[in-house]
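Trainee: File final31.cif follows (mmCIF, N, CA and C atoms and all ligand atoms):
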data_entry
#
loop_
_atom_site.label_atom_id
_atom_site.label_comp_id
_atom_site.auth_asym_id
_atom_site.auth_seq_id
_atom_site.Cartn_x
_atom_site.Cartn_y
_atom_site.Cartn_z
N MET R 7 -89.82 -35.43 -118.47
CA MET R 7 -89.18 -36.02 -117.30
C MET R 7 -87.76 -36.46 -117.66
N ARG R 8 -86.82 -35.96 -116.91
CA ARG R 8 -85.42 -36.31 -117.15
C ARG R 8 -84.90 -37.15 -116.01
N LEU R 9 -84.21 -38.22 -116.37
CA LEU R 9 -83.65 -39.11 -115.36
C LEU R 9 -82.17 -38.83 -115.17
N THR R 10 -81.73 -38.90 -113.94
CA THR R 10 -80.30 -38.82 -113.71
C THR R 10 -79.70 -40.19 -114.00
N LEU R 11 -78.41 -40.25 -114.09
CA LEU R 11 -77.74 -41.52 -114.37
C LEU R 11 -78.02 -42.54 -113.27
N THR R 12 -78.04 -42.08 -112.03
CA THR R 12 -78.31 -42.99 -110.91
C THR R 12 -79.72 -43.55 -110.99
N GLU R 13 -80.69 -42.70 -111.26
CA GLU R 13 -82.08 -43.17 -111.38
C GLU R 13 -82.22 -44.15 -112.54
N PHE R 14 -81.55 -43.85 -113.64
CA PHE R 14 -81.61 -44.75 -114.79
C PHE R 14 -80.99 -46.11 -114.46
N ALA R 15 -79.86 -46.09 -113.76
CA ALA R 15 -79.19 -47.35 -113.39
C ALA R 15 -80.07 -48.17 -112.44
N VAL R 16 -80.70 -47.52 -111.49
CA VAL R 16 -81.59 -48.22 -110.56
C VAL R 16 -82.78 -48.80 -111.32
N LEU R 17 -83.32 -48.02 -112.25
CA LEU R 17 -84.45 -48.49 -113.05
C LEU R 17 -84.07 -49.71 -113.89
N VAL R 18 -82.91 -49.65 -114.53
CA VAL R 18 -82.44 -50.75 -115.38
C VAL R 18 -82.19 -52.01 -114.54
N ALA R 19 -81.77 -51.84 -113.29
CA ALA R 19 -81.50 -53.00 -112.44
C ALA R 19 -82.77 -53.55 -111.81
N CYS R 20 -83.69 -52.69 -111.43
CA CYS R 20 -84.86 -53.12 -110.66
C CYS R 20 -85.99 -53.68 -111.52
N VAL R 21 -86.23 -53.11 -112.68
CA VAL R 21 -87.37 -53.56 -113.49
C VAL R 21 -87.22 -55.02 -113.92
N PRO R 22 -86.07 -55.44 -114.46
CA PRO R 22 -85.94 -56.88 -114.79
C PRO R 22 -86.04 -57.78 -113.57
N MET R 23 -85.51 -57.30 -112.43
CA MET R 23 -85.57 -58.11 -111.21
C MET R 23 -87.03 -58.31 -110.79
N ILE R 24 -87.81 -57.27 -110.83
CA ILE R 24 -89.23 -57.38 -110.46
C ILE R 24 -89.95 -58.30 -111.44
N LEU R 25 -89.67 -58.19 -112.73
CA LEU R 25 -90.30 -59.06 -113.72
C LEU R 25 -89.94 -60.52 -113.46
N ILE R 26 -88.68 -60.78 -113.13
CA ILE R 26 -88.25 -62.16 -112.87
C ILE R 26 -88.96 -62.70 -111.63
N ILE R 27 -89.08 -61.88 -110.59
CA ILE R 27 -89.75 -62.33 -109.36
C ILE R 27 -91.22 -62.63 -109.64
N VAL R 28 -91.89 -61.77 -110.39
CA VAL R 28 -93.31 -61.99 -110.72
C VAL R 28 -93.46 -63.25 -111.56
N ALA R 29 -92.58 -63.44 -112.56
CA ALA R 29 -92.65 -64.64 -113.41
C ALA R 29 -92.41 -65.90 -112.59
N THR R 30 -91.48 -65.83 -111.63
CA THR R 30 -91.20 -66.99 -110.78
C THR R 30 -92.41 -67.33 -109.92
N ILE R 31 -93.04 -66.32 -109.35
CA ILE R 31 -94.23 -66.57 -108.50
C ILE R 31 -95.35 -67.19 -109.33
N ILE R 32 -95.59 -66.66 -110.53
CA ILE R 32 -96.64 -67.20 -111.39
C ILE R 32 -96.32 -68.64 -111.79
N SER R 33 -95.07 -68.90 -112.15
CA SER R 33 -94.66 -70.24 -112.57
C SER R 33 -94.83 -71.25 -111.44
N ARG R 34 -94.38 -70.90 -110.25
CA ARG R 34 -94.48 -71.84 -109.12
C ARG R 34 -95.93 -72.08 -108.73
N THR R 35 -96.73 -71.03 -108.74
CA THR R 35 -98.14 -71.18 -108.39
C THR R 35 -98.84 -72.12 -109.37
N SER R 36 -98.58 -71.93 -110.66
CA SER R 36 -99.25 -72.79 -111.65
C SER R 36 -98.75 -74.22 -111.55
N ARG R 37 -97.47 -74.41 -111.23
CA ARG R 37 -96.95 -75.78 -111.09
C ARG R 37 -97.56 -76.48 -109.89
N VAL R 38 -97.66 -75.78 -108.78
CA VAL R 38 -98.26 -76.37 -107.57
C VAL R 38 -99.72 -76.73 -107.84
N ARG R 39 -100.45 -75.86 -108.54
CA ARG R 39 -101.85 -76.17 -108.86
C ARG R 39 -101.96 -77.39 -109.75
N ALA R 40 -101.06 -77.49 -110.75
CA ALA R 40 -101.10 -78.64 -111.66
C ALA R 40 -100.78 -79.93 -110.91
N GLU R 41 -99.80 -79.88 -109.99
CA GLU R 41 -99.46 -81.07 -109.21
C GLU R 41 -100.61 -81.47 -108.30
N THR R 42 -101.25 -80.48 -107.69
CA THR R 42 -102.38 -80.77 -106.80
C THR R 42 -103.52 -81.42 -107.57
N ARG R 43 -103.79 -80.92 -108.78
CA ARG R 43 -104.85 -81.50 -109.61
C ARG R 43 -104.48 -82.93 -110.01
N ALA R 44 -103.21 -83.15 -110.38
CA ALA R 44 -102.78 -84.49 -110.80
C ALA R 44 -102.88 -85.48 -109.65
N VAL R 45 -102.50 -85.05 -108.45
CA VAL R 45 -102.58 -85.94 -107.29
C VAL R 45 -104.03 -86.26 -106.97
N ALA R 46 -104.92 -85.29 -107.13
CA ALA R 46 -106.34 -85.51 -106.83
C ALA R 46 -106.95 -86.52 -107.79
N ARG R 47 -106.44 -86.59 -109.04
CA ARG R 47 -106.99 -87.52 -110.04
C ARG R 47 -106.31 -88.88 -110.01
N ARG R 48 -105.21 -89.01 -109.28
CA ARG R 48 -104.42 -90.23 -109.31
C ARG R 48 -105.06 -91.33 -108.47
N VAL R 49 -105.04 -92.51 -109.02
CA VAL R 49 -105.53 -93.70 -108.31
C VAL R 49 -104.42 -94.74 -108.37
N ILE R 50 -104.17 -95.40 -107.25
CA ILE R 50 -103.20 -96.49 -107.22
C ILE R 50 -103.96 -97.79 -107.01
N CYS R 51 -103.79 -98.71 -107.95
CA CYS R 51 -104.52 -99.97 -107.90
C CYS R 51 -104.15 -100.74 -106.64
N ARG R 52 -105.17 -101.27 -105.97
CA ARG R 52 -104.93 -102.00 -104.72
C ARG R 52 -104.34 -103.37 -104.96
N LEU R 53 -104.42 -103.90 -106.17
CA LEU R 53 -103.86 -105.22 -106.46
C LEU R 53 -102.47 -105.16 -107.06
N CYS R 54 -102.32 -104.42 -108.16
CA CYS R 54 -101.04 -104.42 -108.87
C CYS R 54 -100.22 -103.16 -108.63
N LEU R 55 -100.73 -102.22 -107.85
CA LEU R 55 -100.05 -100.96 -107.50
C LEU R 55 -99.76 -100.09 -108.72
N HIS R 56 -100.49 -100.32 -109.81
CA HIS R 56 -100.34 -99.48 -110.99
C HIS R 56 -100.99 -98.13 -110.71
N ALA R 57 -100.26 -97.05 -110.97
CA ALA R 57 -100.81 -95.71 -110.75
C ALA R 57 -101.36 -95.17 -112.06
N PHE R 58 -102.56 -94.65 -112.01
CA PHE R 58 -103.17 -94.08 -113.21
C PHE R 58 -104.06 -92.92 -112.79
N GLU R 59 -104.37 -92.09 -113.77
CA GLU R 59 -105.21 -90.93 -113.50
C GLU R 59 -106.58 -91.12 -114.12
N THR R 60 -107.58 -90.66 -113.44
CA THR R 60 -108.94 -90.73 -113.95
C THR R 60 -109.72 -89.52 -113.49
N THR R 61 -110.70 -89.15 -114.27
CA THR R 61 -111.58 -88.05 -113.87
C THR R 61 -112.88 -88.57 -113.29
N HIS R 62 -113.09 -89.91 -113.39
CA HIS R 62 -114.31 -90.49 -112.85
C HIS R 62 -114.22 -90.58 -111.34
N SER R 63 -115.35 -90.51 -110.69
CA SER R 63 -115.38 -90.67 -109.24
C SER R 63 -116.07 -92.00 -108.92
N GLY R 64 -115.91 -92.42 -107.68
CA GLY R 64 -116.51 -93.68 -107.26
C GLY R 64 -115.59 -94.84 -107.58
N VAL R 65 -116.14 -95.91 -108.17
CA VAL R 65 -115.36 -97.11 -108.46
C VAL R 65 -114.81 -97.00 -109.89
N VAL R 66 -113.49 -97.16 -110.01
CA VAL R 66 -112.85 -97.11 -111.33
C VAL R 66 -112.09 -98.42 -111.55
N GLU R 67 -111.96 -98.79 -112.83
CA GLU R 67 -111.31 -100.04 -113.17
C GLU R 67 -109.85 -99.78 -113.53
N CYS R 68 -108.96 -100.61 -113.01
CA CYS R 68 -107.54 -100.49 -113.30
C CYS R 68 -107.30 -100.83 -114.78
N PRO R 69 -106.58 -99.99 -115.54
CA PRO R 69 -106.34 -100.29 -116.95
C PRO R 69 -105.38 -101.45 -117.16
N ARG R 70 -104.59 -101.82 -116.16
CA ARG R 70 -103.64 -102.91 -116.32
C ARG R 70 -104.26 -104.26 -115.97
N CYS R 71 -104.87 -104.37 -114.78
CA CYS R 71 -105.36 -105.69 -114.35
C CYS R 71 -106.89 -105.77 -114.32
N GLY R 72 -107.58 -104.66 -114.44
CA GLY R 72 -109.04 -104.68 -114.48
C GLY R 72 -109.70 -104.74 -113.12
N ALA R 73 -108.94 -104.64 -112.05
CA ALA R 73 -109.53 -104.68 -110.70
C ALA R 73 -110.30 -103.39 -110.44
N ALA R 74 -111.38 -103.51 -109.67
CA ALA R 74 -112.15 -102.34 -109.30
C ALA R 74 -111.50 -101.65 -108.12
N ASN R 75 -111.30 -100.35 -108.25
CA ASN R 75 -110.69 -99.57 -107.19
C ASN R 75 -111.61 -98.43 -106.83
N GLU R 76 -111.68 -98.16 -105.54
CA GLU R 76 -112.50 -97.05 -105.10
C GLU R 76 -111.65 -95.79 -105.04
N ARG R 77 -112.11 -94.77 -105.72
CA ARG R 77 -111.37 -93.51 -105.72
C ARG R 77 -111.87 -92.67 -104.57
N LYS R 78 -110.93 -92.14 -103.76
CA LYS R 78 -111.32 -91.37 -102.58
C LYS R 78 -111.40 -89.90 -102.91
ZN ZN L 1 -104.35 -103.08 -111.21
#
Go ahead and express the file in the form of structure tokens.
Mentor:
Amino acid sequence: MRLTLTEFAVLVACVPMILIIVATIISRTSRVRAETRAVARRVICRLCLHAFETTHSGVVECPRCGAANERK
């Protein structure tokens, strides 16, 4: 298979562009998923407004003031 100069130039311009677009889509998707997971684990204390993350469900204790907070 022989490429003309025009085909080669288009190939050299398009392949990196496609790779960059795919990498951008993957990066943004993973960032949005990580943020969604972090927000789902976040609890804000009802007394001292300290924000912390926990994987426990139900009632969790604030690490700063010890108040019981209900995780939704
Ligand atoms: Zn607290």
Trainee: Find the residues near ligand ZN 1 (chain L). Use a cut-off of 7 Å, count only N, CA and C atoms and all ligand atoms, and write them as a PyMOL selection string.
Mentor: chain R and resi 50-56+67-73
Trainee: Just to confirm, what's the straight-line distance from atom CA of R:Val49 to atom CA of R:Lys78 in Å (one decimal)?
Mentor: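 Between atom CA of R:Val49 and atom CA of R:Lys78 the gap works out to 8.5 Å.
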Trainee: Report the residues of stretch 38-78 of chain R whose backbone DSSP state falls under strand (DSSP E or B), written as a list in words.
Mentor: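 Listing strand (DSSP E or B) positions across stretch 38-78 of chain R yields Arg48, Val49, Ile50, Ala57, Phe58, Glu59, Gly64, Val65, Val66, Glu67, Ala74, Asn75, Glu76 and Arg77 of chain R.
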Trainee: Skipping near chain neighbours, those fewer than 5 positions away, what residues fall within 8 Å of R:Ala46 using all atoms listed in the file, listed as a PyMOL selection string?
Mentor: chain R and resi 40-41+59-61+78
Trainee: Could you pull out the alpha helix (DSSP H) residues of chain R, going by DSSP on the backbone, and write them as a ChimeraX atom specification?
Mentor: /R:11-47
Trainee: Would you work out the distance separating atom C of R:Arg47 from atom CA of R:Ser33, expressed in Å to one decimal?
Mentor: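 According to the coordinates, atom C of R:Arg47 and atom CA of R:Ser33 are separated by 22.1 Å.
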Trainee: In Å, rounded to a single decimal, give me how far atom C of R:Ile24 is from atom CA of R:Ala44.
Mentor: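 About the pair atom CA of R:Ala44 and atom C of R:Ile24: they are 29.2 Å apart.
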Trainee: How big is the axis-aligned box around the listed atoms of stretch 47-53 of chain R once 5 Å is added on each side, and where is its centre? Give both in Å to one decimal, as lines of an AutoDock Vina configuration file.
Mentor:
center_x = -104.7
center_y = -95.9
center_z = -107.4
size_x = 14.5
size_y = 28.6
size_z = 15.3
